[in-house]
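This is model27.cif (mmCIF, C-alpha atoms).
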```
data_target
#
loop_
_atom_site.label_atom_id
_atom_site.label_comp_id
_atom_site.auth_asym_id
_atom_site.auth_seq_id
_atom_site.Cartn_x
_atom_site.Cartn_y
_atom_site.Cartn_z
CA MET A 13 83.54 -12.94 1.88
CA THR A 14 86.75 -14.18 3.38
CA ASP A 15 85.36 -17.29 5.05
CA THR A 16 83.53 -19.45 2.50
CA LYS A 17 80.45 -21.06 4.00
CA LYS A 18 79.32 -24.58 3.22
CA VAL A 19 75.62 -24.74 2.32
CA VAL A 20 73.67 -27.90 1.58
CA VAL A 21 70.57 -27.65 -0.60
CA PHE A 22 68.49 -30.55 0.70
CA ASP A 23 67.40 -32.76 -2.18
CA TYR A 24 64.22 -34.58 -1.22
CA GLY A 25 62.56 -34.46 -4.64
CA PHE A 26 60.45 -31.31 -4.21
CA GLY A 27 62.43 -28.20 -4.99
CA ASN A 28 64.22 -26.14 -7.56
CA VAL A 29 67.57 -27.41 -6.34
CA ARG A 30 69.63 -26.38 -9.38
CA SER A 31 68.36 -22.80 -9.33
CA ALA A 32 69.07 -22.59 -5.62
CA GLU A 33 72.54 -24.04 -6.13
CA ARG A 34 73.38 -21.46 -8.82
CA ALA A 35 72.04 -18.56 -6.78
CA LEU A 36 74.01 -19.54 -3.67
CA ALA A 37 77.19 -20.12 -5.67
CA ARG A 38 76.72 -16.71 -7.25
CA VAL A 39 76.96 -15.05 -3.84
CA GLY A 40 80.05 -17.00 -2.78
CA ALA A 41 78.80 -20.07 -0.93
CA ASP A 42 80.32 -23.54 -1.31
CA VAL A 43 77.15 -25.38 -2.33
CA GLU A 44 76.27 -29.07 -2.45
CA ILE A 45 72.98 -30.70 -3.42
CA THR A 46 72.45 -33.82 -1.32
CA ARG A 47 70.16 -35.72 1.03
CA ASP A 48 73.09 -37.30 2.87
CA TYR A 49 72.48 -37.09 6.61
CA ASP A 50 76.02 -36.29 7.74
CA ARG A 51 76.61 -33.66 5.06
CA ALA A 52 73.27 -32.00 5.78
CA MET A 53 73.96 -31.99 9.51
CA ASN A 54 77.52 -30.68 9.27
CA ALA A 55 77.00 -27.87 6.73
CA ASP A 56 77.13 -24.28 7.93
CA GLY A 57 73.67 -23.74 6.48
CA LEU A 58 70.86 -26.01 5.27
CA LEU A 59 68.47 -24.75 2.61
CA VAL A 60 65.14 -26.56 2.23
CA PRO A 61 63.40 -25.71 -1.05
CA GLY A 62 59.88 -26.79 -1.91
CA VAL A 63 57.46 -26.79 -4.82
CA GLY A 64 54.07 -28.43 -5.32
CA ALA A 65 51.60 -29.62 -2.72
CA PHE A 66 52.14 -29.30 1.04
CA SER A 67 51.27 -32.98 1.63
CA ALA A 68 53.57 -34.28 -1.10
CA CYS A 69 56.47 -32.17 0.19
CA MET A 70 55.96 -33.46 3.72
CA ASP A 71 55.87 -37.06 2.49
CA GLY A 72 59.06 -36.56 0.49
CA LEU A 73 60.81 -34.81 3.36
CA LYS A 74 59.96 -37.61 5.78
CA ARG A 75 61.14 -40.30 3.37
CA ALA A 76 64.48 -38.51 3.16
CA ARG A 77 64.62 -38.05 6.98
CA GLY A 78 64.58 -34.33 6.36
CA ASP A 79 62.09 -33.72 9.15
CA TRP A 80 64.53 -35.24 11.62
CA ILE A 81 67.51 -33.37 10.15
CA VAL A 82 65.73 -30.01 10.36
CA GLY A 83 64.70 -30.68 13.95
CA ARG A 84 68.16 -31.81 15.01
CA ARG A 85 69.87 -28.83 13.39
CA LEU A 86 67.50 -26.34 15.01
CA SER A 87 67.79 -27.96 18.43
CA GLY A 88 71.53 -27.28 18.17
CA GLY A 89 71.08 -23.73 16.87
CA ARG A 90 72.30 -24.68 13.37
CA PRO A 91 70.91 -22.42 10.60
CA VAL A 92 68.10 -23.64 8.35
CA MET A 93 66.34 -21.68 5.60
CA GLY A 94 63.09 -22.70 3.92
CA ILE A 95 61.86 -21.44 0.54
CA CYS A 96 58.28 -21.42 -0.81
CA VAL A 97 56.62 -24.70 0.26
CA GLY A 98 59.86 -25.27 2.18
CA MET A 99 58.64 -22.37 4.34
CA GLN A 100 55.01 -23.51 4.50
CA ILE A 101 55.86 -26.95 5.91
CA LEU A 102 57.53 -25.27 8.89
CA PHE A 103 54.06 -24.38 10.19
CA GLU A 104 51.85 -26.63 12.29
CA ARG A 105 49.62 -27.79 9.44
CA GLY A 106 48.56 -27.21 5.86
CA ILE A 107 45.09 -27.49 4.32
CA GLU A 108 44.77 -28.08 0.58
CA HIS A 109 41.52 -29.10 -1.14
CA GLY A 110 40.04 -29.83 2.27
CA VAL A 111 42.85 -32.22 3.20
CA GLU A 112 44.75 -31.39 6.40
CA THR A 113 48.41 -32.41 6.65
CA GLU A 114 50.69 -32.09 9.66
CA GLY A 115 53.73 -29.87 9.10
CA LEU A 116 57.00 -29.71 11.00
CA ASP A 117 55.32 -27.61 13.71
CA GLU A 118 58.27 -25.28 14.21
CA TRP A 119 55.70 -22.45 14.19
CA PRO A 120 52.04 -22.50 15.20
CA GLY A 121 49.47 -21.82 12.53
CA THR A 122 47.85 -23.14 9.39
CA VAL A 123 48.78 -22.70 5.74
CA GLY A 124 45.62 -22.37 3.67
CA PRO A 125 44.28 -21.13 0.32
CA LEU A 126 45.17 -17.61 -0.73
CA LYS A 127 41.99 -15.57 -1.17
CA ALA A 128 42.52 -13.36 -4.20
CA ASP A 129 40.87 -12.60 -7.54
CA ILE A 130 43.82 -14.17 -9.37
CA VAL A 131 45.37 -17.39 -8.06
CA PRO A 132 48.11 -18.50 -8.12
CA HIS A 133 49.95 -15.41 -7.02
CA MET A 134 52.58 -15.53 -9.73
CA GLY A 135 55.03 -12.73 -10.38
CA TRP A 136 56.83 -9.85 -8.71
CA ASN A 137 55.67 -8.20 -5.51
CA THR A 138 56.96 -5.96 -2.75
CA VAL A 139 57.07 -6.89 0.94
CA GLU A 140 56.72 -5.12 4.29
CA ALA A 141 59.84 -6.01 6.26
CA PRO A 142 60.65 -4.89 9.83
CA GLU A 143 63.12 -2.01 9.97
CA ASP A 144 65.65 -4.09 11.91
CA SER A 145 65.41 -7.13 9.61
CA ARG A 146 68.77 -8.81 8.95
CA LEU A 147 67.32 -10.81 6.07
CA PHE A 148 66.33 -7.66 4.17
CA ALA A 149 69.31 -5.52 5.25
CA GLY A 150 70.49 -3.20 2.50
CA LEU A 151 67.34 -3.69 0.43
CA ASP A 152 64.98 -0.86 -0.47
CA ALA A 153 61.34 -0.97 0.61
CA ASP A 154 60.28 -1.01 -3.04
CA ALA A 155 62.47 -4.02 -3.94
CA ARG A 156 60.46 -6.75 -5.63
CA TYR A 157 60.61 -10.51 -5.17
CA TYR A 158 59.29 -13.40 -7.25
CA PHE A 159 56.30 -15.33 -5.89
CA VAL A 160 54.58 -18.48 -7.20
CA HIS A 161 51.98 -19.88 -4.78
CA SER A 162 48.30 -20.50 -4.18
CA TYR A 163 48.56 -21.08 -0.42
CA ALA A 164 50.01 -19.05 2.43
CA ALA A 165 50.13 -18.52 6.18
CA HIS A 166 47.71 -15.69 6.93
CA ASP A 167 48.42 -15.22 10.63
CA TRP A 168 51.38 -15.17 12.96
CA SER A 169 50.63 -16.31 16.51
CA LEU A 170 53.99 -17.29 18.01
CA GLU A 171 54.42 -15.27 21.18
CA VAL A 172 57.77 -14.88 22.94
CA THR A 173 57.42 -14.17 26.66
CA ASN A 174 61.04 -14.76 27.70
CA ALA A 175 62.87 -11.42 27.56
CA LYS A 176 66.14 -13.27 26.91
CA ILE A 177 64.81 -14.74 23.65
CA ARG A 178 64.72 -12.48 20.61
CA ALA A 179 61.22 -12.20 19.16
CA PRO A 180 60.81 -13.44 15.59
CA LYS A 181 60.79 -10.87 12.81
CA VAL A 182 57.89 -11.35 10.41
CA THR A 183 57.68 -9.85 6.92
CA TRP A 184 54.33 -9.50 5.15
CA ALA A 185 53.11 -9.18 1.56
CA THR A 186 49.69 -8.60 0.04
CA HIS A 187 47.94 -10.33 -2.85
CA GLY A 188 44.20 -10.17 -2.35
CA GLU A 189 44.93 -10.43 1.36
CA ARG A 190 47.88 -10.04 3.67
CA PHE A 191 50.07 -13.10 4.21
CA VAL A 192 53.41 -14.06 5.76
CA ALA A 193 56.18 -13.47 3.20
CA ALA A 194 59.24 -14.21 5.36
CA VAL A 195 60.25 -15.06 8.92
CA GLU A 196 63.48 -14.65 10.89
CA ASN A 197 63.29 -16.79 14.01
CA GLY A 198 66.68 -17.47 15.58
CA ALA A 199 68.47 -20.10 13.47
CA LEU A 200 65.35 -20.64 11.33
CA TRP A 201 64.70 -18.27 8.44
CA ALA A 202 62.27 -18.70 5.56
CA THR A 203 60.71 -16.94 2.59
CA GLN A 204 57.44 -17.57 0.76
CA PHE A 205 58.94 -16.06 -2.39
CA HIS A 206 61.85 -17.45 -4.40
CA PRO A 207 65.07 -15.50 -3.69
CA GLU A 208 66.87 -17.65 -6.27
CA LYS A 209 64.51 -16.21 -8.92
CA SER A 210 64.47 -12.66 -7.57
CA GLY A 211 67.49 -11.20 -9.36
CA ASP A 212 69.80 -8.81 -7.53
CA ALA A 213 67.37 -8.38 -4.61
CA GLY A 214 67.30 -12.13 -4.09
CA ALA A 215 71.08 -12.31 -4.32
CA GLN A 216 71.41 -9.65 -1.61
CA LEU A 217 68.97 -11.54 0.59
CA LEU A 218 70.91 -14.79 0.22
CA THR A 219 74.12 -12.91 0.96
CA ASN A 220 72.55 -11.59 4.15
CA TRP A 221 71.68 -15.13 5.21
CA ILE A 222 75.12 -16.52 4.40
CA GLU A 223 76.78 -13.76 6.41
CA THR A 224 74.97 -15.02 9.53
CA LEU A 225 76.23 -18.60 9.17
#
```
Show me the file's structure as structure tokens.
Amino acid sequence: MTDTKKVVVFDYGFGNVRSAERALARVGADVEITRDYDRAMNADGLLVPGVGAFSACMDGLKRARGDWIVGRRLSGGRPVMGICVGMQILFERGIEHGVETEGLDEWPGTVGPLKADIVPHMGWNTVEAPEDSRLFAGLDADARYYFVHSYAAHDWSLEVTNAKIRAPKVTWATHGERFVAAVENGALWATQFHPEKSGDAGAQLLTNWIETL
């Protein structure tokens, strides 16, 4: 990579920021962990991690003005990537233990409990990516990624009617039921799994993202 890209891992108290930092540095990015507004706004890419409860992540993100930063970056076509709960909070709402919490509403839909015999879904799993996916370019269909979650988005309802706008690419996975595993939607990409914990496959995926910045 001849042109080193600046990536900020947004530190709002709910994410595996050190693992993300190491994984991004491994694939050649210039990485900084911060919640500083100007640095987050001016970076080539913003990565929003997330672990724990949907409601707690949203509270932490708002306290750090991360909701505003994400919105401002996307309104200007500046790349943002969410990971795990950092992906879930991009949807309209989340429901955990009967409690409904408003998300960032970048995508319609609800994140709810994963219906499976064994929960949480913890470990390695394959995904069903679109053939023309840029996020999964160069990766085999049987590549495996590391998941840790009890909640997921089960439906995708965002319709694009303007022929000039590229339709989002949605990747699916199955654990008890089918759920959204990744999304590529213009400047906004996200994964339910942890690429920073997914070995060489995760490294290739992060490389693919960085190459679009």
Atom CA of Pro142 of chain A and atom CA of Gly94 of chain A are how many Å apart?
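These two atoms are separated by 18.9 Å.
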Selected residue of minimal separation from Ile130 of chain A among A:Val160, A:Ala165, A:Val20, A:Val92, counting all atoms listed in the file
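Under the stated criterion, the closest residue is A:Val160.
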Atomic separation - atom CA of His206 of chain A relative to atom CA of Lys74 of chain A, Å:
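These two atoms are separated by 22.7 Å.
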Pick from A:Pro180, A:Gly27, A:Gly150, A:Gly198: nearest to Leu217 of chain A, with all atoms listed in the file counted?
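Of the candidates, the smallest distance to Leu217 of chain A is held by A:Gly150.
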I need the output of the PyMOL selection byres ((chain A and resi 155) around 8) for this file as a PyMOL selection string; which residues are they?
chain A and resi 138-139+151-154+156-157+213
Any chance you could tabulate, as a Markdown table, the residues of segment 116-186 of chain A at most 9 Å from segment 96-108 of chain A with each one's nearest atom pair and distance in Å to one decimal, using all atoms listed in the file, in chain and rising number order?
```
| residue | atom | partner | partner_atom | distance |
| --- | --- | --- | --- | --- |
| A:Leu116 | CA | A:Leu102 | CA | 4.9 |
| A:Asp117 | CA | A:Glu104 | CA | 3.9 |
| A:Glu118 | CA | A:Leu102 | CA | 5.4 |
| A:Trp119 | CA | A:Phe103 | CA | 4.7 |
| A:Pro120 | CA | A:Glu104 | CA | 5.1 |
| A:Gly121 | CA | A:Glu104 | CA | 5.4 |
| A:Thr122 | CA | A:Arg105 | CA | 5.0 |
| A:Val123 | CA | A:Gly106 | CA | 4.5 |
| A:Gly124 | CA | A:Ile107 | CA | 5.2 |
| A:Pro125 | CA | A:Glu108 | CA | 7.0 |
| A:Phe159 | CA | A:Cys96 | CA | 8.2 |
| A:Val160 | CA | A:Cys96 | CA | 7.9 |
| A:His161 | CA | A:Cys96 | CA | 7.6 |
| A:Tyr163 | CA | A:Glu108 | CA | 8.0 |
| A:Ala164 | CA | A:Gln100 | CA | 7.0 |
| A:Ala165 | CA | A:Gln100 | CA | 7.2 |
```
Answer key for the PyMOL selection byres ((chain A and resi 61) around 10), residues as a PyMOL selection string
chain A and resi 21-29+32+58-60+62-63+69+93-99+202-203+206
So how many Å separate atom CA of Leu126 of chain A and atom CA of Ala141 of chain A, to one decimal?
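Interatomic distance, atom CA of Leu126 of chain A to atom CA of Ala141 of chain A: 20.0 Å.
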Tell me which protein, DNA and RNA residues are within 12 Å of Glu44 of chain A, counting all atoms listed in the file, leaving out same-chain ones fewer than 2 positions away, and put them as a PyMOL selection string.
chain A and resi 17-23+29-30+32-34+36-37+41-42+46-48+51-52+54-59
Excluding same-chain residues fewer than 5 positions from Val192 of chain A, what lies within 9 Å of it counting all atoms listed in the file, as a PyMOL selection string?
chain A and resi 164-168+182-186+203-204
Step by step, gather every atom of segment 74-79 of chain A that the file lists, find the box along x, y and z that holds them, add 6 Å on each side, and finally give centre and edge lengths in Å to one decimal, as AutoDock Vina command-line options.
```
--center_x 62.3 --center_y -37.0 --center_z 6.2 --size_x 16.7 --size_y 18.6 --size_z 18.0
```
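Among the candidates A:Glu140, A:Asp50, A:Glu114, A:Asp79, the one nearest to Arg190 of chain A when counting all atoms listed in the file is A:Glu140.
Among the candidates A:Asp15, A:Gly64, A:Glu171, A:Ala199, the residue lying nearest to Gly40 of chain A is A:Asp15 (atoms considered: all atoms listed in the file).
If only C-alpha atoms are the atoms counted, then among A:Pro207, A:Arg178, A:Ala194, A:His187 the closest residue to Asn137 of chain A is A:His187.
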In terms of the shortest atom-to-atom distance over only C-alpha atoms, which of A:Met53, A:Leu147, A:Ala65, A:Val111 is closest to Glu223 of chain A?
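Using only C-alpha atoms, Glu223 of chain A sits closest to A:Leu147.
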May I have the residues within 10 Å of Arg38 of chain A as number ranges by chain, using only C-alpha atoms and disregarding those fewer than 6 positions away in the same chain?
A: 32, 208, 215, 218-219
Would you mind completing segment 184-197 of chain A so that it carries N, CA and C atoms, and writing it out as a short mmCIF file (atom, residue, chain, number, x, y, z; two decimals), in the frame of the given file?
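And here's rebuild_32.cif as it stands now:
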```cif
data_model
loop_
_atom_site.label_atom_id
_atom_site.label_comp_id
_atom_site.auth_asym_id
_atom_site.auth_seq_id
_atom_site.Cartn_x
_atom_site.Cartn_y
_atom_site.Cartn_z
N TRP A 184 55.64 -9.25 5.75
CA TRP A 184 54.33 -9.50 5.15
C TRP A 184 54.31 -9.05 3.69
N ALA A 185 53.39 -9.62 2.93
CA ALA A 185 53.11 -9.18 1.56
C ALA A 185 51.60 -9.24 1.37
N THR A 186 51.13 -8.62 0.30
CA THR A 186 49.69 -8.60 0.04
C THR A 186 49.40 -9.01 -1.40
N HIS A 187 48.51 -9.97 -1.55
CA HIS A 187 47.94 -10.33 -2.85
C HIS A 187 46.52 -10.80 -2.57
N GLY A 188 45.58 -9.89 -2.75
CA GLY A 188 44.20 -10.17 -2.35
C GLY A 188 44.01 -10.02 -0.86
N GLU A 189 44.92 -10.56 -0.10
CA GLU A 189 44.93 -10.43 1.36
C GLU A 189 46.37 -10.46 1.85
N ARG A 190 46.54 -10.07 3.09
CA ARG A 190 47.88 -10.04 3.67
C ARG A 190 48.30 -11.45 4.06
N PHE A 191 49.58 -11.78 3.84
CA PHE A 191 50.07 -13.10 4.21
C PHE A 191 51.53 -12.99 4.62
N VAL A 192 52.03 -14.03 5.29
CA VAL A 192 53.41 -14.06 5.76
C VAL A 192 54.33 -14.30 4.57
N ALA A 193 55.26 -13.37 4.34
CA ALA A 193 56.18 -13.47 3.20
C ALA A 193 57.56 -13.96 3.61
N ALA A 194 57.93 -13.76 4.87
CA ALA A 194 59.24 -14.21 5.36
C ALA A 194 59.25 -14.18 6.88
N VAL A 195 60.11 -15.01 7.46
CA VAL A 195 60.25 -15.06 8.92
C VAL A 195 61.73 -15.21 9.27
N GLU A 196 62.15 -14.49 10.29
CA GLU A 196 63.48 -14.65 10.89
C GLU A 196 63.26 -15.03 12.34
N ASN A 197 63.58 -16.27 12.68
CA ASN A 197 63.29 -16.79 14.01
C ASN A 197 64.51 -17.56 14.53
#
```
